[in-house]
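Q: Dropping a structure here in structure tokens format, bear with me for questions.
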There are 2 protein chains.
Amino acid sequence: MTLTYQHNARILVALDCIIFGFDGEALKLLLIKRNFEPECGKWSLMGGFLNEDESLEEAARRILYNLTGLQNNYLEQIKTFGAPERDPVERTISVVYYSLVNIADQDITAIQAHNASWISLDDKPKLIFDHDQMVEVALQRLRYKAALHPIGFELLPEKFTVPQLQKLYEAIYNTQLDRRNFSRKIMGTDLLLKTGEKDMTSVTKKAQLYSLNTEKYQKYLDGYYTFLPELAELSAV
Amino acid sequence: MTLTYQHNARILVALDCIIFGFDGEALKLLLIKRNFEPECGKWSLMGGFLNEDESLEEAARRILYNLTGLQNNYLEQIKTFGAPERDPVERTISVVYYSLVNIADQDITAIQAHNASWISLDDKPKLIFDHDQMVEVALQRLRYKAALHPIGFELLPEKFTVPQLQKLYEAIYNTQLDRRNFSRKIMGTDLLLKTGEKDMTSVTKKAQLYSLNTEKYQKYLDGYYTFLPELAELSAV
DNA sequence: CCAAAAGTGTTTGCGCTACACCCATGG
DNA sequence: CCATGGGTGTAGCGCAAACACTTTTGG
């Protein structure tokens, strides 16, 4: 006799992705204006269902790739939502991931085909089902993580300036930082490599362009570092 | 026509619980020596399947209650495991929770009925499926969380001494701490209330018994606090 | 009176914060 | 030469780490 788990419920497993981006000014979300049922016409996260033969992370990457054309982004599982009535169509649990992408790398055609747009966190519309709650948890997690690990870089282009990095952190934590202290702290990590180039888009003094020291970056990711102490308390869980 | 998600796969959803306890000396896990299939005779975490009408947390609490007779413990979702072949019987994803319990409160009859025992982390046997990995992630998470939030108290009895609390932290992080600095740091939080009683089990000087200031405790849980700076780097993620 | 563990005090130094000042660029 | 924004330096303070000493208890 072959062993089975006969009498237990089989349930739909969905995945939803919170996709963060940064345009130099504000922290943004890639959201979908649904042109399909259910809740057609309303805003939601990008999602999909788990297939029989793929892992959760594979499914999340597939969904992300379909929407943005991007692969190998920073992707992290956050939490699984499973309230019985969360999807009115049928009992569905949803495994939620968040990803960090460099807006400049996106595939605009793919995004438009899905009827998606980048929307500032401040302008976020109400989303369907429990997606608002998912965004809330994702933002909390991003703040928590970015205060202790240098994942912010994932949102920037290859080459970036220190003031750009600062703007990013200010957007994530919705706060103001001291230019001098920020610069010293970041420089102290040895995470930045001088490229020798300067940011020519600026009108006044051109800032140095840096690239990420990927070797050190890996070490900082594996380890733990009070990246921005002043931000720690803003990242309460 | 009613809307359905017809063509997508329905999948078994399991829950597995990592149950941490502390006996005054070592950090322990409540593990099951399986007397049922599959993998009968081997060690595993306590688990079960999600029912149609319950939420994930409800299911986790049900499983925890069945094994220990305990309710209202500290319980937190960690991660969902979903590799296609993780359960050889049938495709199953597993939502993993960890809980902190006071060993003294357990229901011994229930535990024995499930063929479960408390086992020190150091003596942990190999577990079935991907359960070893789950424990690994749970321990990481406990360390990460306990360095920034005072959840350690959940593992202790109502009344406890400062040296007991210190022993607990030393067990969690597998390290030695300075008595003087530890005491000062903990006292500075105003989390402890003097009971006036003393620990009579000790042979030499009897230590003060304290209880938890639950009001302040809630605030510390909601917020963020570098509880034990020296431990922060041990809690890398 | 001694050993073992609990409790209190003190110094030192590093790192965060809050500032002031100089440099580069375009108009 | 002036406005804007980038880059570097410095003083003060608070907290954590590394210590020594006293107190309580049982034998």
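By convention here, the chains of the structure tokens are called A, B, ... in the order presented, each chain's residues are numbered starting at 1, and ligands are numbered starting at 1 in the order presented.
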Residues of chain C within 10 Å of chain A, counting only C-alpha atoms (C1' of nucleotides) - could you list those as an MDAnalysis selection string?

A: chainID C and resid 16:18 23:26

Q: Mind writing the picked residues with N, CA and C atoms (P, O5', C5', C4', C3', O3' and C1' of nucleotides) as a PDB file, in the first residue's frame?

A:
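The result, written out as again-v1.pdb:
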ATOM      1  P    DC C  16      28.903  54.739  15.039  1.00  0.00           P
ATOM      2  O5'  DC C  16      27.703  55.748  15.321  1.00  0.00           O
ATOM      3  C5'  DC C  16      26.894  55.546  16.469  1.00  0.00           C
ATOM      4  C4'  DC C  16      26.481  56.882  17.050  1.00  0.00           C
ATOM      5  C3'  DC C  16      25.814  57.824  16.049  1.00  0.00           C
ATOM      6  O3'  DC C  16      24.571  58.230  16.582  1.00  0.00           O
ATOM      7  C1'  DC C  16      27.529  58.960  17.240  1.00  0.00           C
ATOM      8  P    DT C  17      23.565  59.077  15.638  1.00  0.00           P
ATOM      9  O5'  DT C  17      23.832  60.589  16.056  1.00  0.00           O
ATOM     10  C5'  DT C  17      23.512  61.015  17.378  1.00  0.00           C
ATOM     11  C4'  DT C  17      24.025  62.424  17.591  1.00  0.00           C
ATOM     12  C3'  DT C  17      23.499  63.453  16.586  1.00  0.00           C
ATOM     13  O3'  DT C  17      22.736  64.408  17.298  1.00  0.00           O
ATOM     14  C1'  DT C  17      25.845  63.689  16.972  1.00  0.00           C
ATOM     15  P    DA C  18      21.787  65.427  16.458  1.00  0.00           P
ATOM     16  O5'  DA C  18      22.492  66.839  16.693  1.00  0.00           O
ATOM     17  C5'  DA C  18      23.276  67.087  17.857  1.00  0.00           C
ATOM     18  C4'  DA C  18      24.299  68.171  17.559  1.00  0.00           C
ATOM     19  C3'  DA C  18      23.875  69.181  16.486  1.00  0.00           C
ATOM     20  O3'  DA C  18      24.113  70.505  16.950  1.00  0.00           O
ATOM     21  C1'  DA C  18      26.010  68.326  16.000  1.00  0.00           C
ATOM     22  P    DC C  23      39.656  75.459   0.102  1.00  0.00           P
ATOM     23  O5'  DC C  23      38.683  74.596  -0.791  1.00  0.00           O
ATOM     24  C5'  DC C  23      38.808  73.180  -0.783  1.00  0.00           C
ATOM     25  C4'  DC C  23      37.869  72.600  -1.820  1.00  0.00           C
ATOM     26  C3'  DC C  23      38.055  73.156  -3.227  1.00  0.00           C
ATOM     27  O3'  DC C  23      37.974  72.077  -4.136  1.00  0.00           O
ATOM     28  C1'  DC C  23      35.813  73.435  -2.554  1.00  0.00           C
ATOM     29  P    DA C  24      38.554  72.269  -5.627  1.00  0.00           P
ATOM     30  O5'  DA C  24      37.220  72.172  -6.478  1.00  0.00           O
ATOM     31  C5'  DA C  24      36.497  70.960  -6.492  1.00  0.00           C
ATOM     32  C4'  DA C  24      35.180  71.213  -7.175  1.00  0.00           C
ATOM     33  C3'  DA C  24      35.285  71.842  -8.561  1.00  0.00           C
ATOM     34  O3'  DA C  24      34.591  70.992  -9.445  1.00  0.00           O
ATOM     35  C1'  DA C  24      33.713  73.014  -7.209  1.00  0.00           C
ATOM     36  P    DT C  25      34.782  71.146 -11.036  1.00  0.00           P
ATOM     37  O5'  DT C  25      33.462  71.905 -11.439  1.00  0.00           O
ATOM     38  C5'  DT C  25      32.189  71.353 -11.092  1.00  0.00           C
ATOM     39  C4'  DT C  25      31.131  72.392 -11.281  1.00  0.00           C
ATOM     40  C3'  DT C  25      31.240  73.184 -12.588  1.00  0.00           C
ATOM     41  O3'  DT C  25      30.181  72.765 -13.424  1.00  0.00           O
ATOM     42  C1'  DT C  25      30.630  74.539 -10.740  1.00  0.00           C
ATOM     43  P    DG C  26      30.085  73.233 -14.955  1.00  0.00           P
ATOM     44  O5'  DG C  26      28.960  74.356 -14.829  1.00  0.00           O
ATOM     45  C5'  DG C  26      27.870  74.120 -13.971  1.00  0.00           C
ATOM     46  C4'  DG C  26      26.841  75.222 -14.092  1.00  0.00           C
ATOM     47  C3'  DG C  26      26.774  75.951 -15.434  1.00  0.00           C
ATOM     48  O3'  DG C  26      25.407  76.253 -15.682  1.00  0.00           O
ATOM     49  C1'  DG C  26      27.455  77.470 -13.714  1.00  0.00           C
TER      50       DG C  26
END

Q: With a distance threshold of 12 Å and counting only C-alpha atoms (C1' of nucleotides), extract the residues of chain D near chain A and express them as a PyMOL selection string.

A: chain D and resi 3-9

Q: Can you provide chain B as a compact mmCIF listing (two decimals) with C-alpha atoms, in the first residue's frame, superposed onto chain A by least squares across all C-alpha atoms matched in order?

A:
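Everything below was put into part_8.txt:
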# COMPACT_ATOMS: atom_id res chain seq x y z
CA MET B 1 0.22 0.06 -0.12
CA THR B 2 1.55 3.46 -0.99
CA LEU B 3 1.41 6.09 1.74
CA THR B 4 -0.86 9.07 1.15
CA TYR B 5 -2.21 12.05 3.07
CA GLN B 6 -5.71 11.35 1.78
CA HIS B 7 -8.07 13.13 4.08
CA ASN B 8 -6.37 16.52 4.18
CA ALA B 9 -7.38 19.64 2.25
CA ARG B 10 -5.56 20.71 -0.91
CA ILE B 11 -5.44 24.46 -1.13
CA LEU B 12 -4.55 27.02 -3.77
CA VAL B 13 -1.16 28.60 -3.18
CA ALA B 14 -0.63 32.07 -4.57
CA LEU B 15 2.42 34.31 -4.58
CA ASP B 16 2.35 38.07 -4.40
CA CYS B 17 5.32 40.35 -5.02
CA ILE B 18 5.99 43.74 -3.56
CA ILE B 19 8.37 45.40 -5.99
CA PHE B 20 10.26 48.40 -4.65
CA GLY B 21 11.99 50.93 -6.87
CA PHE B 22 13.66 54.31 -6.44
CA ASP B 23 13.64 57.12 -9.01
CA GLY B 24 16.07 59.43 -7.26
CA GLU B 25 13.36 61.17 -5.27
CA ALA B 26 10.77 58.82 -3.83
CA LEU B 27 10.40 55.17 -2.97
CA LYS B 28 8.00 53.55 -5.43
CA LEU B 29 5.92 50.43 -5.84
CA LEU B 30 5.18 48.61 -9.07
CA LEU B 31 1.42 48.10 -8.99
CA ILE B 32 -1.09 46.62 -11.40
CA LYS B 33 -4.33 48.14 -12.55
CA ARG B 34 -6.24 44.92 -13.07
CA ASN B 35 -7.86 44.33 -16.46
CA PHE B 36 -8.94 40.83 -15.44
CA GLU B 37 -11.18 39.23 -12.85
CA PRO B 38 -11.60 39.18 -9.92
CA GLU B 39 -11.68 42.84 -8.85
CA CYS B 40 -11.16 44.03 -12.43
CA GLY B 41 -10.38 47.74 -12.57
CA LYS B 42 -8.86 47.90 -9.10
CA TRP B 43 -5.21 48.10 -8.05
CA SER B 44 -3.25 45.11 -6.79
CA LEU B 45 0.18 43.63 -6.36
CA MET B 46 1.62 41.43 -9.09
CA GLY B 47 0.84 37.82 -8.28
CA GLY B 48 0.28 34.33 -9.57
CA PHE B 49 -0.17 30.74 -8.53
CA LEU B 50 2.36 28.13 -7.54
CA ASN B 51 2.78 25.37 -10.12
CA GLU B 52 3.11 21.69 -9.21
CA ASP B 53 6.78 21.40 -10.13
CA GLU B 54 8.38 24.64 -8.98
CA SER B 55 9.68 25.93 -5.66
CA LEU B 56 8.27 29.04 -4.02
CA GLU B 57 11.25 31.16 -4.95
CA GLU B 58 11.19 29.92 -8.53
CA ALA B 59 7.54 30.87 -8.76
CA ALA B 60 8.23 34.33 -7.32
CA ARG B 61 11.05 34.86 -9.82
CA ARG B 62 8.86 33.70 -12.69
CA ILE B 63 6.18 36.22 -11.74
CA LEU B 64 8.74 38.98 -11.33
CA TYR B 65 10.32 38.13 -14.67
CA ASN B 66 6.99 38.13 -16.48
CA LEU B 67 6.21 41.60 -15.25
CA THR B 68 9.56 43.35 -15.44
CA GLY B 69 11.81 41.26 -17.67
CA LEU B 70 14.27 41.24 -14.76
CA GLN B 71 16.13 38.29 -13.26
CA ASN B 72 18.56 37.95 -10.37
CA ASN B 73 17.08 40.77 -8.39
CA TYR B 74 17.20 40.95 -4.66
CA LEU B 75 14.25 38.83 -3.59
CA GLU B 76 13.23 37.82 -0.10
CA GLN B 77 10.30 35.96 1.32
CA ILE B 78 8.40 37.99 3.89
CA LYS B 79 5.43 36.13 5.21
CA THR B 80 2.55 33.88 4.23
CA PHE B 81 -0.98 35.20 4.51
CA GLY B 82 -3.68 32.65 5.14
CA ALA B 83 -6.91 34.09 6.53
CA PRO B 84 -9.75 31.80 5.34
CA GLU B 85 -11.70 34.56 3.61
CA ARG B 86 -8.82 36.58 2.23
CA ASP B 87 -9.70 35.69 -1.36
CA PRO B 88 -13.48 35.70 -1.93
CA VAL B 89 -13.29 33.43 -4.97
CA GLU B 90 -11.74 30.42 -3.27
CA ARG B 91 -9.64 29.62 -0.22
CA THR B 92 -6.12 30.67 -1.18
CA ILE B 93 -3.04 31.24 0.89
CA SER B 94 -0.47 33.67 -0.41
CA VAL B 95 3.28 33.58 0.08
CA VAL B 96 4.55 37.14 -0.13
CA TYR B 97 7.96 38.20 -1.42
CA TYR B 98 9.50 41.60 -1.77
CA SER B 99 12.07 42.54 -4.33
CA LEU B 100 14.33 45.52 -4.91
CA VAL B 101 14.90 46.60 -8.49
CA ASN B 102 16.75 49.34 -10.28
CA ILE B 103 14.03 51.22 -12.11
CA ALA B 104 16.36 52.00 -15.00
CA ASP B 105 16.73 48.29 -15.83
CA GLN B 106 13.04 47.60 -16.31
CA ASP B 107 11.42 46.28 -19.49
CA ILE B 108 8.85 48.97 -20.24
CA THR B 109 7.01 46.88 -22.83
CA ALA B 110 6.41 44.04 -20.38
CA ILE B 111 5.27 46.45 -17.71
CA GLN B 112 2.83 48.20 -20.00
CA ALA B 113 1.49 44.87 -21.26
CA HIS B 114 0.55 44.07 -17.68
CA ASN B 115 -1.00 47.48 -17.18
CA ALA B 116 1.44 48.20 -14.36
CA SER B 117 2.89 51.50 -13.14
CA TRP B 118 5.37 52.82 -10.63
CA ILE B 119 3.58 54.63 -7.86
CA SER B 120 5.08 56.56 -4.97
CA LEU B 121 4.39 55.11 -1.57
CA ASP B 122 2.77 58.40 -0.63
CA ASP B 123 0.25 58.09 -3.48
CA LYS B 124 -0.50 54.41 -3.00
CA PRO B 125 -4.15 53.68 -3.81
CA LYS B 126 -6.16 51.17 -1.83
CA LEU B 127 -5.34 47.67 -3.02
CA ILE B 128 -7.51 44.58 -3.27
CA PHE B 129 -7.89 41.82 -0.67
CA ASP B 130 -5.19 42.00 2.02
CA HIS B 131 -2.60 43.56 -0.28
CA ASP B 132 -2.45 46.78 1.73
CA GLN B 133 -1.44 44.77 4.74
CA MET B 134 1.22 42.99 2.67
CA VAL B 135 2.72 46.29 1.60
CA GLU B 136 2.71 47.44 5.20
CA VAL B 137 4.64 44.38 6.32
CA ALA B 138 7.03 44.65 3.38
CA LEU B 139 7.86 48.25 4.16
CA GLN B 140 8.44 47.39 7.79
CA ARG B 141 10.74 44.58 6.73
CA LEU B 142 12.64 46.73 4.26
CA ARG B 143 13.22 49.34 6.94
CA TYR B 144 14.27 46.77 9.48
CA LYS B 145 16.65 45.07 7.10
CA ALA B 146 18.14 48.19 5.54
CA ALA B 147 19.06 49.57 8.96
CA LEU B 148 21.31 46.58 9.57
CA HIS B 149 22.34 45.40 6.11
CA PRO B 150 23.41 47.41 3.07
CA ILE B 151 20.62 46.23 0.77
CA GLY B 152 19.76 49.78 -0.26
CA PHE B 153 22.29 49.52 -3.07
CA GLU B 154 20.00 47.08 -4.87
CA LEU B 155 17.70 49.97 -5.66
CA LEU B 156 20.39 52.11 -7.31
CA PRO B 157 22.06 51.94 -10.73
CA GLU B 158 25.56 50.49 -11.20
CA LYS B 159 27.16 53.85 -10.61
CA PHE B 160 25.77 56.27 -8.09
CA THR B 161 26.80 59.18 -5.87
CA VAL B 162 26.81 59.41 -2.09
CA PRO B 163 24.10 62.10 -2.09
CA GLN B 164 21.92 59.78 -4.20
CA LEU B 165 22.41 57.01 -1.67
CA GLN B 166 21.48 59.40 1.09
CA LYS B 167 18.30 60.47 -0.73
CA LEU B 168 17.40 56.81 -0.97
CA TYR B 169 17.76 56.22 2.75
CA GLU B 170 15.81 59.37 3.45
CA ALA B 171 13.00 58.05 1.23
CA ILE B 172 12.98 54.63 2.86
CA TYR B 173 12.76 56.06 6.36
CA ASN B 174 10.88 59.20 5.49
CA THR B 175 13.33 61.35 7.40
CA GLN B 176 16.22 63.80 7.01
CA LEU B 177 19.86 62.84 7.51
CA ASP B 178 22.99 64.88 8.17
CA ARG B 179 25.13 65.00 5.03
CA ARG B 180 28.45 65.00 6.87
CA ASN B 181 27.73 62.13 9.20
CA PHE B 182 26.10 60.06 6.48
CA SER B 183 29.07 60.38 4.18
CA ARG B 184 31.58 59.52 6.88
CA LYS B 185 29.60 56.48 7.96
CA ILE B 186 29.21 55.10 4.44
CA MET B 187 32.84 55.75 3.53
CA GLY B 188 33.93 53.97 6.67
CA THR B 189 32.42 50.74 5.40
CA ASP B 190 34.77 50.47 2.40
CA LEU B 191 31.74 49.43 0.35
CA LEU B 192 32.24 52.11 -2.30
CA LEU B 193 34.75 52.04 -5.13
CA LYS B 194 35.70 55.29 -6.86
CA THR B 195 35.00 55.14 -10.56
CA GLY B 196 36.78 58.42 -11.26
CA GLU B 197 33.70 59.70 -13.06
CA LYS B 198 31.39 62.43 -11.87
CA ASP B 199 27.65 62.89 -11.98
CA MET B 200 27.17 65.30 -14.90
CA THR B 201 23.42 65.61 -14.44
CA SER B 202 23.92 67.85 -11.45
CA VAL B 203 23.84 71.62 -12.03
CA THR B 204 26.27 72.66 -9.33
CA LYS B 205 29.31 70.85 -8.00
CA LYS B 206 29.41 67.38 -9.57
CA ALA B 207 29.48 64.50 -7.12
CA GLN B 208 31.80 61.50 -7.42
CA LEU B 209 30.30 58.38 -8.96
CA TYR B 210 30.98 55.19 -7.05
CA SER B 211 30.34 51.53 -7.75
CA LEU B 212 29.70 48.83 -5.21
CA ASN B 213 32.57 46.74 -3.84
CA THR B 214 30.70 43.49 -4.34
CA GLU B 215 33.19 41.42 -2.34
CA LYS B 216 32.78 43.52 0.80
CA TYR B 217 29.08 43.80 0.07
CA GLN B 218 28.66 40.05 0.40
CA LYS B 219 30.40 40.10 3.75
CA TYR B 220 28.17 42.87 5.03
CA LEU B 221 25.09 40.97 3.86
CA ASP B 222 26.14 37.81 5.66
CA GLY B 223 27.06 39.72 8.79
CA TYR B 224 25.34 42.40 10.78
CA TYR B 225 26.18 46.06 11.04
CA THR B 226 24.39 48.97 12.65
CA PHE B 227 24.30 50.71 9.35
CA LEU B 228 22.55 53.84 10.41
CA PRO B 229 22.06 53.97 14.16
CA GLU B 230 19.80 56.96 13.97
CA LEU B 231 17.45 54.94 11.78
CA ALA B 232 17.35 51.88 13.97
CA GLU B 233 14.51 53.14 16.07
CA LEU B 234 12.53 54.01 12.97
CA SER B 235 12.64 50.39 11.91
CA ALA B 236 10.71 48.98 14.82
CA VAL B 237 8.93 45.71 14.19

Q: From the DSSP assignment of the backbone, select every residue of stretch 49-143 of chain B that is strand (DSSP E), and format the answer as a list of chain:residue names.

A: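 These are the residues in question: B:Phe49, B:Tyr74, B:Leu75, B:Glu76, B:Gln77, B:Ile78, B:Lys79, B:Thr80, B:Phe81, B:Thr92, B:Ile93, B:Ser94, B:Val95, B:Val96, B:Tyr97, B:Tyr98, B:Ser99, B:Leu100, B:Ala116, B:Ser117, B:Trp118, B:Ile119, B:Ser120.
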
Q: Limited to C-alpha atoms, could you put the picked residues into a file as a CSV table (one decimal), in the first residue's frame?

A:
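again-v8.csv, written as the output of this step:
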chain,number,residue,atom,x,y,z
B,49,PHE,CA,-2.0,20.1,8.0
B,74,TYR,CA,4.7,33.5,22.0
B,75,LEU,CA,4.3,32.3,18.4
B,76,GLU,CA,5.8,33.8,15.3
B,77,GLN,CA,5.7,32.8,11.7
B,78,ILE,CA,9.2,32.3,10.3
B,79,LYS,CA,9.1,31.2,6.7
B,80,THR,CA,7.4,28.9,4.3
B,81,PHE,CA,9.3,26.0,2.8
B,92,THR,CA,3.5,19.7,0.3
B,93,ILE,CA,4.5,23.2,1.3
B,94,SER,CA,5.1,23.9,4.9
B,95,VAL,CA,4.6,27.1,6.8
B,96,VAL,CA,7.0,27.2,9.8
B,97,TYR,CA,6.4,28.8,13.1
B,98,TYR,CA,8.5,29.0,16.2
B,99,SER,CA,7.2,29.3,19.7
B,100,LEU,CA,8.7,30.0,23.1
B,116,ALA,CA,7.9,13.9,22.3
B,117,SER,CA,10.9,14.9,24.4
B,118,TRP,CA,12.9,18.0,25.2
B,119,ILE,CA,16.3,17.8,23.6
B,120,SER,CA,19.2,20.2,24.0

Q: Looking only at the backbone, which of the residues in stretch 57-153 of chain A does DSSP tag as helix (DSSP H, G or I), as a ChimeraX atom specification?

A: /A:57-68,103-105,108-113,121-123,131-148,151-153

Q: For a test of reading the model, state the distance in Å between atom C1' of C:DA20 and atom C1' of D:DC15, rounded to one decimal.

A: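 Between atom C1' of C:DA20 and atom C1' of D:DC15 the gap is 26.1 Å.
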
Q: Skipping near chain neighbours, those fewer than 6 positions away, what residues fall within 12 Å of C:DG13 using only C-alpha atoms (C1' of nucleotides), listed as a count of residues only?

A: 5
